[in-house]
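Coordinates from work.cif are shown below (mmCIF, C-alpha atoms).
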data_work
#
loop_
_atom_site.label_atom_id
_atom_site.label_comp_id
_atom_site.auth_asym_id
_atom_site.auth_seq_id
_atom_site.Cartn_x
_atom_site.Cartn_y
_atom_site.Cartn_z
CA MET X 158 -0.16 -15.78 10.46
CA SER X 159 1.34 -12.30 10.22
CA ILE X 160 1.48 -10.57 6.85
CA ASP X 161 3.31 -7.53 5.50
CA LEU X 162 2.63 -6.74 1.84
CA HIS X 163 4.36 -3.37 1.46
CA ASN X 164 8.15 -3.52 1.40
CA HIS X 165 10.71 -1.78 -0.80
CA SER X 166 13.96 -3.39 -1.85
CA SER X 167 17.00 -2.15 -3.71
CA PHE X 168 14.95 -2.38 -6.90
CA SER X 169 13.44 0.93 -5.72
CA PRO X 170 15.66 4.02 -5.80
CA ASP X 171 14.66 4.97 -2.25
CA SER X 172 15.82 1.71 -0.67
CA LYS X 173 19.15 -0.06 -0.39
CA THR X 174 17.82 -3.24 1.20
CA PRO X 175 18.37 -6.42 -0.81
CA VAL X 176 15.33 -8.64 -1.29
CA GLU X 177 17.15 -11.42 0.57
CA GLU X 178 17.46 -9.26 3.71
CA ILE X 179 13.77 -8.37 3.66
CA VAL X 180 12.88 -12.05 3.61
CA GLU X 181 15.44 -12.85 6.31
CA GLU X 182 13.98 -10.14 8.54
CA ALA X 183 10.45 -11.43 7.91
CA ILE X 184 11.54 -14.88 9.09
CA LEU X 185 13.22 -13.45 12.20
CA LYS X 186 10.06 -11.53 13.09
CA GLY X 187 7.80 -14.53 12.59
CA LEU X 188 5.97 -13.29 9.52
CA LYS X 189 4.35 -15.96 7.37
CA VAL X 190 3.61 -13.87 4.27
CA ILE X 191 5.96 -11.19 2.96
CA GLY X 192 5.28 -9.10 -0.11
CA ILE X 193 7.88 -7.11 -2.05
CA SER X 194 6.24 -4.12 -3.69
CA ASP X 195 8.77 -1.88 -5.36
CA HIS X 196 7.87 1.37 -7.08
CA ASP X 197 6.60 1.81 -10.60
CA ASP X 198 5.21 5.32 -11.06
CA LEU X 199 3.32 5.40 -14.34
CA ASP X 200 3.70 9.18 -14.59
CA ASP X 201 7.37 9.94 -13.99
CA SER X 202 7.01 13.71 -14.34
CA PHE X 203 6.67 14.17 -10.58
CA PRO X 204 9.72 14.74 -8.35
CA ASN X 205 11.07 11.50 -6.86
CA SER X 206 8.99 9.34 -9.20
CA TYR X 207 10.40 6.12 -10.61
CA ARG X 208 9.62 3.77 -13.50
CA MET X 209 10.74 0.20 -13.02
CA LYS X 210 13.24 -0.20 -15.82
CA ASP X 211 13.45 -3.99 -15.92
CA PRO X 212 10.47 -5.75 -14.33
CA GLU X 213 11.63 -9.05 -15.83
CA ILE X 214 14.79 -9.07 -13.69
CA TYR X 215 12.74 -7.96 -10.68
CA LEU X 216 10.27 -10.81 -11.12
CA LYS X 217 13.04 -13.36 -11.68
CA SER X 218 14.69 -12.28 -8.43
CA LEU X 219 11.41 -12.69 -6.54
CA SER X 220 10.77 -16.04 -8.20
CA ARG X 221 14.07 -17.34 -6.81
CA MET X 222 13.08 -16.18 -3.34
CA LYS X 223 9.70 -17.89 -3.65
CA GLU X 224 11.42 -21.19 -4.45
CA ASN X 225 13.99 -21.00 -1.65
CA SER X 226 12.21 -19.43 1.31
CA ILE X 227 10.39 -20.94 4.29
CA VAL X 228 7.91 -18.03 4.25
CA LYS X 229 5.44 -17.24 1.48
CA VAL X 230 7.05 -14.59 -0.73
CA LEU X 231 4.76 -12.58 -3.00
CA ALA X 232 5.69 -10.52 -6.04
CA GLY X 233 3.94 -7.20 -5.74
CA LEU X 234 4.32 -3.78 -7.28
CA GLU X 235 3.44 -0.37 -5.91
CA VAL X 236 1.89 1.16 -9.00
CA GLY X 237 1.88 4.96 -8.95
CA LEU X 238 -1.42 5.82 -10.62
CA GLN X 239 -2.44 9.23 -11.89
CA SER X 240 -5.51 10.34 -13.81
CA CYS X 241 -3.36 10.69 -16.94
CA ALA X 242 -1.44 7.41 -16.48
CA LYS X 243 -3.08 4.15 -15.46
CA THR X 244 -2.11 1.45 -17.94
CA LEU X 245 -1.05 -1.38 -15.65
CA PRO X 246 2.29 -3.14 -16.20
CA GLU X 247 2.33 -6.68 -17.55
CA GLY X 248 4.07 -9.51 -15.76
CA ASP X 249 3.60 -12.38 -13.33
CA PHE X 250 2.67 -10.18 -10.36
CA ASP X 251 0.70 -11.52 -7.41
CA TYR X 252 -0.83 -8.16 -6.55
CA PHE X 253 -0.64 -4.41 -6.98
CA ILE X 254 -0.63 -1.66 -4.40
CA TYR X 255 -2.35 1.27 -6.09
CA SER X 256 -0.94 4.57 -4.87
CA VAL X 257 -1.57 8.13 -5.96
CA HIS X 258 1.60 10.04 -5.12
CA GLY X 259 0.96 13.44 -6.67
CA ILE X 260 -1.53 16.12 -7.60
CA PRO X 261 -1.08 17.40 -11.17
CA GLY X 262 -0.05 21.03 -11.26
CA ILE X 263 0.47 21.26 -7.50
CA LYS X 264 3.99 21.74 -6.20
CA ASP X 265 3.25 23.72 -3.04
CA LEU X 266 1.29 21.54 -0.60
CA THR X 267 0.86 24.46 1.82
CA SER X 268 -1.61 26.34 -0.37
CA GLY X 269 -5.15 25.53 -1.51
CA ASP X 270 -7.52 22.74 -0.53
CA VAL X 271 -4.95 19.98 -0.89
CA TRP X 272 -7.12 17.14 0.39
CA THR X 273 -9.96 17.93 -2.00
CA LEU X 274 -7.54 18.08 -4.93
CA TYR X 275 -5.87 14.85 -3.87
CA LEU X 276 -9.14 12.93 -3.48
CA GLU X 277 -10.44 14.21 -6.82
CA GLU X 278 -7.25 12.97 -8.46
CA ALA X 279 -7.43 9.62 -6.67
CA ILE X 280 -11.06 9.07 -7.73
CA GLU X 281 -10.18 9.73 -11.36
CA ALA X 282 -6.94 7.73 -11.21
CA ILE X 283 -8.66 4.60 -9.91
CA SER X 284 -11.47 4.82 -12.46
CA GLY X 285 -11.41 1.80 -14.76
CA ILE X 286 -8.95 -0.17 -12.61
CA ASP X 287 -10.39 -3.58 -11.80
CA ARG X 288 -7.48 -5.93 -11.11
CA PRO X 289 -7.17 -7.19 -7.52
CA GLY X 290 -5.00 -5.20 -5.17
CA PHE X 291 -5.03 -2.61 -2.42
CA PHE X 292 -5.17 1.17 -2.47
CA GLY X 293 -2.08 2.38 -0.64
CA HIS X 294 -1.81 4.77 2.32
CA ILE X 295 -4.92 6.83 1.50
CA ASP X 296 -3.92 9.83 3.63
CA PHE X 297 -0.13 9.61 3.25
CA LEU X 298 0.11 13.33 2.40
CA ARG X 299 0.04 13.98 6.14
CA ARG X 300 3.76 13.20 6.06
CA TYR X 301 4.39 16.42 4.16
CA LEU X 302 1.64 18.85 5.20
CA PRO X 303 2.25 21.58 7.80
CA GLY X 304 1.25 20.25 11.19
CA HIS X 305 0.54 16.88 9.51
CA LYS X 306 -2.95 18.13 8.66
CA ALA X 307 -5.40 15.24 8.55
CA LEU X 308 -7.69 14.42 5.64
CA ASP X 309 -10.81 16.58 5.99
CA ASN X 310 -13.11 15.99 2.99
CA GLU X 311 -15.37 13.17 4.18
CA GLU X 312 -17.74 13.37 1.22
CA LEU X 313 -15.04 12.80 -1.40
CA LEU X 314 -13.37 10.18 0.79
CA CYS X 315 -16.61 8.17 0.89
CA GLU X 316 -16.92 8.50 -2.88
CA LEU X 317 -13.41 7.06 -3.26
CA LEU X 318 -14.09 4.21 -0.83
CA ARG X 319 -17.34 3.26 -2.56
CA LYS X 320 -15.56 3.30 -5.93
CA LEU X 321 -12.86 0.96 -4.59
CA ILE X 322 -15.45 -1.41 -3.15
CA ARG X 323 -17.42 -1.55 -6.39
CA ALA X 324 -14.20 -2.33 -8.29
CA GLY X 325 -13.24 -5.09 -5.85
CA ILE X 326 -10.12 -3.23 -4.72
CA GLY X 327 -9.07 -3.30 -1.10
CA ILE X 328 -7.19 -0.87 1.12
CA GLU X 329 -4.05 -1.28 3.16
CA ILE X 330 -3.39 -0.35 6.75
CA ASN X 331 0.00 1.27 6.19
CA THR X 332 1.83 1.07 9.49
CA SER X 333 4.50 3.63 8.56
CA GLY X 334 2.36 6.38 10.13
CA TRP X 335 3.20 4.94 13.53
CA ARG X 336 6.83 5.73 12.70
CA TYR X 337 6.02 9.39 11.95
CA PRO X 338 5.49 12.09 14.59
CA TYR X 339 1.69 11.85 14.39
CA LYS X 340 1.84 8.19 15.55
CA GLU X 341 -1.19 6.97 13.61
CA PRO X 342 -1.58 4.49 10.77
CA SER X 343 -2.31 5.59 7.26
CA PRO X 344 -5.22 5.84 6.86
CA GLN X 345 -6.46 7.02 10.24
CA ARG X 346 -8.82 4.81 12.20
CA TRP X 347 -11.95 6.79 11.26
CA ILE X 348 -11.21 6.25 7.57
CA VAL X 349 -10.83 2.49 8.07
CA GLU X 350 -14.14 2.55 9.96
CA LYS X 351 -15.79 4.31 6.99
CA TYR X 352 -14.47 1.62 4.67
CA PHE X 353 -15.87 -1.08 6.96
CA LEU X 354 -19.28 0.61 7.27
CA CYS X 355 -19.46 1.03 3.49
CA GLY X 356 -19.13 -2.74 3.14
CA GLY X 357 -15.43 -2.97 2.38
CA LYS X 358 -13.71 -6.22 3.33
CA PHE X 359 -10.45 -6.56 1.37
CA VAL X 360 -8.04 -5.05 3.87
CA THR X 361 -4.35 -5.82 4.20
CA ILE X 362 -1.35 -4.70 6.25
CA GLY X 363 1.87 -3.14 4.99
CA SER X 364 4.84 -1.64 6.80
CA ASP X 365 6.03 0.42 3.81
CA SER X 366 9.54 -0.52 4.84
CA HIS X 367 12.56 0.94 3.07
CA ARG X 368 14.98 -0.38 5.67
CA ARG X 369 15.46 -3.90 6.94
CA GLU X 370 14.60 -2.95 10.52
CA ASP X 371 11.17 -1.65 9.52
CA VAL X 372 9.98 -4.90 7.94
CA GLY X 373 6.89 -6.02 9.88
CA SER X 374 6.89 -2.98 12.13
CA HIS X 375 3.60 -2.29 13.94
CA VAL X 376 1.82 -5.19 12.24
CA SER X 377 0.46 -6.26 15.63
CA ASP X 378 -0.92 -2.73 16.17
CA ALA X 379 -2.72 -2.95 12.82
CA VAL X 380 -4.22 -6.32 13.78
CA LEU X 381 -5.56 -4.89 17.04
CA LEU X 382 -7.02 -1.91 15.18
CA LEU X 383 -8.81 -4.09 12.64
CA LYS X 384 -10.18 -6.43 15.29
CA SER X 385 -11.53 -3.51 17.31
CA ILE X 386 -13.36 -2.15 14.26
CA GLY X 387 -14.98 -5.50 13.51
CA PHE X 388 -12.93 -7.03 10.72
CA LYS X 389 -12.70 -10.82 10.85
CA GLU X 390 -10.10 -11.31 8.12
CA VAL X 391 -7.15 -9.69 6.41
CA PHE X 392 -6.18 -10.55 2.87
CA TYR X 393 -3.20 -11.04 0.61
CA CYS X 394 -3.22 -11.73 -3.12
CA GLU X 395 -1.51 -14.66 -4.78
CA LYS X 396 -1.58 -14.85 -8.57
CA MET X 397 -4.10 -12.01 -8.55
CA GLU X 398 -6.56 -13.86 -6.32
CA TYR X 399 -7.54 -12.73 -2.83
CA LYS X 400 -6.61 -15.12 -0.01
CA PRO X 401 -8.15 -14.57 3.45
CA VAL X 402 -6.39 -14.92 6.77
CA ALA X 403 -8.67 -15.11 9.81
CA LEU X 404 -7.82 -12.54 12.45
CA THR X 405 -8.83 -15.06 15.09
CA ILE X 406 -5.55 -16.91 14.57
CA TYR X 407 -3.42 -13.88 15.50
#

Take the structure in the file and give it back as structure tokens.
Amino acid sequence: MSIDLHNHSSFSPDSKTPVEEIVEEAILKGLKVIGISDHDDLDDSFPNSYRMKDPEIYLKSLSRMKENSIVKVLAGLEVGLQSCAKTLPEGDFDYFIYSVHGIPGIKDLTSGDVWTLYLEEAIEAISGIDRPGFFGHIDFLRRYLPGHKALDNEELLCELLRKLIRAGIGIEINTSGWRYPYKEPSPQRWIVEKYFLCGGKFVTIGSDSHRREDVGSHVSDAVLLLKSIGFKEVFYCEKMEYKPVALTIY
């Protein structure tokens, strides 16, 4: 029962893929659960940030797909949290992907201790959030750092992971990293292992697709990774409730 909870449709400014094509591709690739999770950045002062202007139309579109699809379609939202902006949107969402996309006051990612600043912001941004969902692509900044520098502040990372676990928030294995030159998921394996050792269990898989062809990409690699670490289940959320899927059936 393959799942992919992180997909962007034409409701996001950085995708031109209609929702219908995402679902069609999920069916072709044998996925059983497909989540649409378009952007809603609560602080739109950052470059390339986006507020969802009409969530009602978005949710109506996904509702139609739920009624007419042979796969389970979930209405998600990638909520761009920041320490100064974390009031969650209202609406009939199944789940949120919580992502921190920026560091206040930092425009040049080549200077300073970027990972420390990012983790400090993420810890503050997630504070007080307690609705079910998954923290997105913890170390995604690698996409933009010189040499794709990996996350290097283990102490703050563990603080973030423990905070997520206490709040009942999961993490995603974002498979888009396998499509980047560094050929690793986001987060890296050692970070997923830390989450597991800290007692985390709510883990999901997302391709972070912006194009039809990337829907479901590297999901099987994520499954193998999770199995090798010791996870027995992956999760999705339906109506803000976690639903397990045993990895033994993959």

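Across the model, the gap from CA of Arg288 in chain X to CA of Gly387 in chain X is 25.7 Å.
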
Which is closest to Glu390 in chain X among X:Ser159, X:Lys173, X:His258, X:Leu185, if we use all atoms listed in the file?
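Ranked by minimum distance to Glu390 in chain X, first place goes to X:Ser159.
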
Taking all atoms of range 375-394 of chain X that appear in the file, build a box with edges along x, y and z, extend it by 4 Å on every side, and state its centre and edge lengths in Å to one decimal, as JSON.
{"center_x": -5.7, "center_y": -6.8, "center_z": 7.1, "size_x": 26.6, "size_y": 17.8, "size_z": 28.4}

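Using all atoms listed in the file, the protein and nucleic acid residues lying no more than 9 Å from Gly248 in chain X, apart from those fewer than 3 places from it along its own chain, are X:Pro212, X:Glu213, X:Leu216.
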
For this structure, which residues satisfy the selection - the PyMOL selection byres ((chain X and resi 327-340) around 6) - when it is evaluated on the file as given? I want them as an MDAnalysis selection string.
chainID X and resid 291:294 326 341:343 359:365 375

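This file, filtered with the PyMOL selection byres ((chain X and resi 276-284) around 7), gives the residues Leu238, Gln239, Ser240, Lys243, Val257, Ile260, Trp272, Thr273, Leu274, Tyr275, Gly285, Ile286, Leu313, Leu314 and Leu317 of chain X.
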
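Minimum distance to Tyr207 in chain X across X:Val372, X:Ile263, X:Val236, X:Ala324 (counting all atoms listed in the file) occurs at X:Val236.
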
State, in Å with one decimal place, the distance from CA of Phe353 in chain X to CA of Asp371 in chain X.
27.2 Å

Name the residues within 12 Å of (-10.6, -1.2, 14.4), counting only C-alpha atoms in the file's coordinates, and put them as a ChimeraX atom specification.
/X:330,342,344-354,360,378-390,404

Judged by all atoms listed in the file, the minimum distance to Met209 in chain X among X:Glu177, X:Glu247, X:Glu398, X:Glu224 is found for X:Glu247

Find the distance between CA of Ser366 in chain X and CA of His163 in chain X and write it in Å to one decimal.
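About the pair CA of Ser366 in chain X and CA of His163 in chain X: they are 6.8 Å apart.
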
With a distance cut-off of 8 Å and only C-alpha atoms, select the neighbouring residues of range 187-192 of chain X, excluding the residue or stretch itself and same-chain residues fewer than 5 positions from it, and output the selection as a PyMOL selection string.
chain X and resi 158-164+180+228-233+373

Would you mind writing range 163-181 of chain X with N, CA and C atoms, as a PDB file, keeping the file's coordinate frame?
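Everything below was put into result-v7.pdb:
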ATOM      1  N   HIS X 163       3.819  -4.607   2.031  1.00  0.00           N
ATOM      2  CA  HIS X 163       4.360  -3.370   1.460  1.00  0.00           C
ATOM      3  C   HIS X 163       5.799  -3.180   1.930  1.00  0.00           C
ATOM      4  N   ASN X 164       6.727  -3.627   1.077  1.00  0.00           N
ATOM      5  CA  ASN X 164       8.150  -3.520   1.400  1.00  0.00           C
ATOM      6  C   ASN X 164       8.929  -3.150   0.144  1.00  0.00           C
ATOM      7  N   HIS X 165       9.899  -2.263   0.329  1.00  0.00           N
ATOM      8  CA  HIS X 165      10.710  -1.780  -0.800  1.00  0.00           C
ATOM      9  C   HIS X 165      12.132  -2.298  -0.681  1.00  0.00           C
ATOM     10  N   SER X 166      12.608  -2.844  -1.791  1.00  0.00           N
ATOM     11  CA  SER X 166      13.960  -3.390  -1.850  1.00  0.00           C
ATOM     12  C   SER X 166      14.852  -2.468  -2.672  1.00  0.00           C
ATOM     13  N   SER X 167      16.037  -2.936  -2.922  1.00  0.00           N
ATOM     14  CA  SER X 167      17.000  -2.150  -3.710  1.00  0.00           C
ATOM     15  C   SER X 167      16.588  -2.013  -5.165  1.00  0.00           C
ATOM     16  N   PHE X 168      15.488  -2.635  -5.575  1.00  0.00           N
ATOM     17  CA  PHE X 168      14.950  -2.380  -6.900  1.00  0.00           C
ATOM     18  C   PHE X 168      14.241  -1.026  -6.957  1.00  0.00           C
ATOM     19  N   SER X 169      13.972  -0.438  -5.791  1.00  0.00           N
ATOM     20  CA  SER X 169      13.440   0.930  -5.720  1.00  0.00           C
ATOM     21  C   SER X 169      14.583   1.890  -5.424  1.00  0.00           C
ATOM     22  N   PRO X 170      14.544   3.090  -5.995  1.00  0.00           N
ATOM     23  CA  PRO X 170      15.660   4.020  -5.800  1.00  0.00           C
ATOM     24  C   PRO X 170      15.748   4.570  -4.382  1.00  0.00           C
ATOM     25  N   ASP X 171      14.666   4.427  -3.608  1.00  0.00           N
ATOM     26  CA  ASP X 171      14.660   4.970  -2.250  1.00  0.00           C
ATOM     27  C   ASP X 171      14.925   3.906  -1.194  1.00  0.00           C
ATOM     28  N   SER X 172      15.456   2.760  -1.623  1.00  0.00           N
ATOM     29  CA  SER X 172      15.820   1.710  -0.670  1.00  0.00           C
ATOM     30  C   SER X 172      17.124   1.060  -1.108  1.00  0.00           C
ATOM     31  N   LYS X 173      17.912   0.653  -0.119  1.00  0.00           N
ATOM     32  CA  LYS X 173      19.150  -0.060  -0.390  1.00  0.00           C
ATOM     33  C   LYS X 173      19.112  -1.493   0.135  1.00  0.00           C
ATOM     34  N   THR X 174      17.941  -1.936   0.554  1.00  0.00           N
ATOM     35  CA  THR X 174      17.820  -3.240   1.200  1.00  0.00           C
ATOM     36  C   THR X 174      17.647  -4.347   0.167  1.00  0.00           C
ATOM     37  N   PRO X 175      18.545  -5.299   0.125  1.00  0.00           N
ATOM     38  CA  PRO X 175      18.370  -6.420  -0.810  1.00  0.00           C
ATOM     39  C   PRO X 175      17.119  -7.231  -0.473  1.00  0.00           C
ATOM     40  N   VAL X 176      16.512  -7.800  -1.491  1.00  0.00           N
ATOM     41  CA  VAL X 176      15.330  -8.640  -1.290  1.00  0.00           C
ATOM     42  C   VAL X 176      15.608  -9.728  -0.256  1.00  0.00           C
ATOM     43  N   GLU X 177      16.799 -10.321  -0.342  1.00  0.00           N
ATOM     44  CA  GLU X 177      17.150 -11.420   0.570  1.00  0.00           C
ATOM     45  C   GLU X 177      17.068 -10.975   2.030  1.00  0.00           C
ATOM     46  N   GLU X 178      17.485  -9.742   2.324  1.00  0.00           N
ATOM     47  CA  GLU X 178      17.460  -9.260   3.710  1.00  0.00           C
ATOM     48  C   GLU X 178      16.043  -8.993   4.184  1.00  0.00           C
ATOM     49  N   ILE X 179      15.178  -8.563   3.290  1.00  0.00           N
ATOM     50  CA  ILE X 179      13.770  -8.370   3.660  1.00  0.00           C
ATOM     51  C   ILE X 179      13.165  -9.703   4.075  1.00  0.00           C
ATOM     52  N   VAL X 180      13.415 -10.730   3.299  1.00  0.00           N
ATOM     53  CA  VAL X 180      12.880 -12.050   3.610  1.00  0.00           C
ATOM     54  C   VAL X 180      13.490 -12.598   4.896  1.00  0.00           C
ATOM     55  N   GLU X 181      14.791 -12.407   5.067  1.00  0.00           N
ATOM     56  CA  GLU X 181      15.440 -12.850   6.310  1.00  0.00           C
ATOM     57  C   GLU X 181      14.820 -12.179   7.524  1.00  0.00           C
TER      58      GLU X 181
END
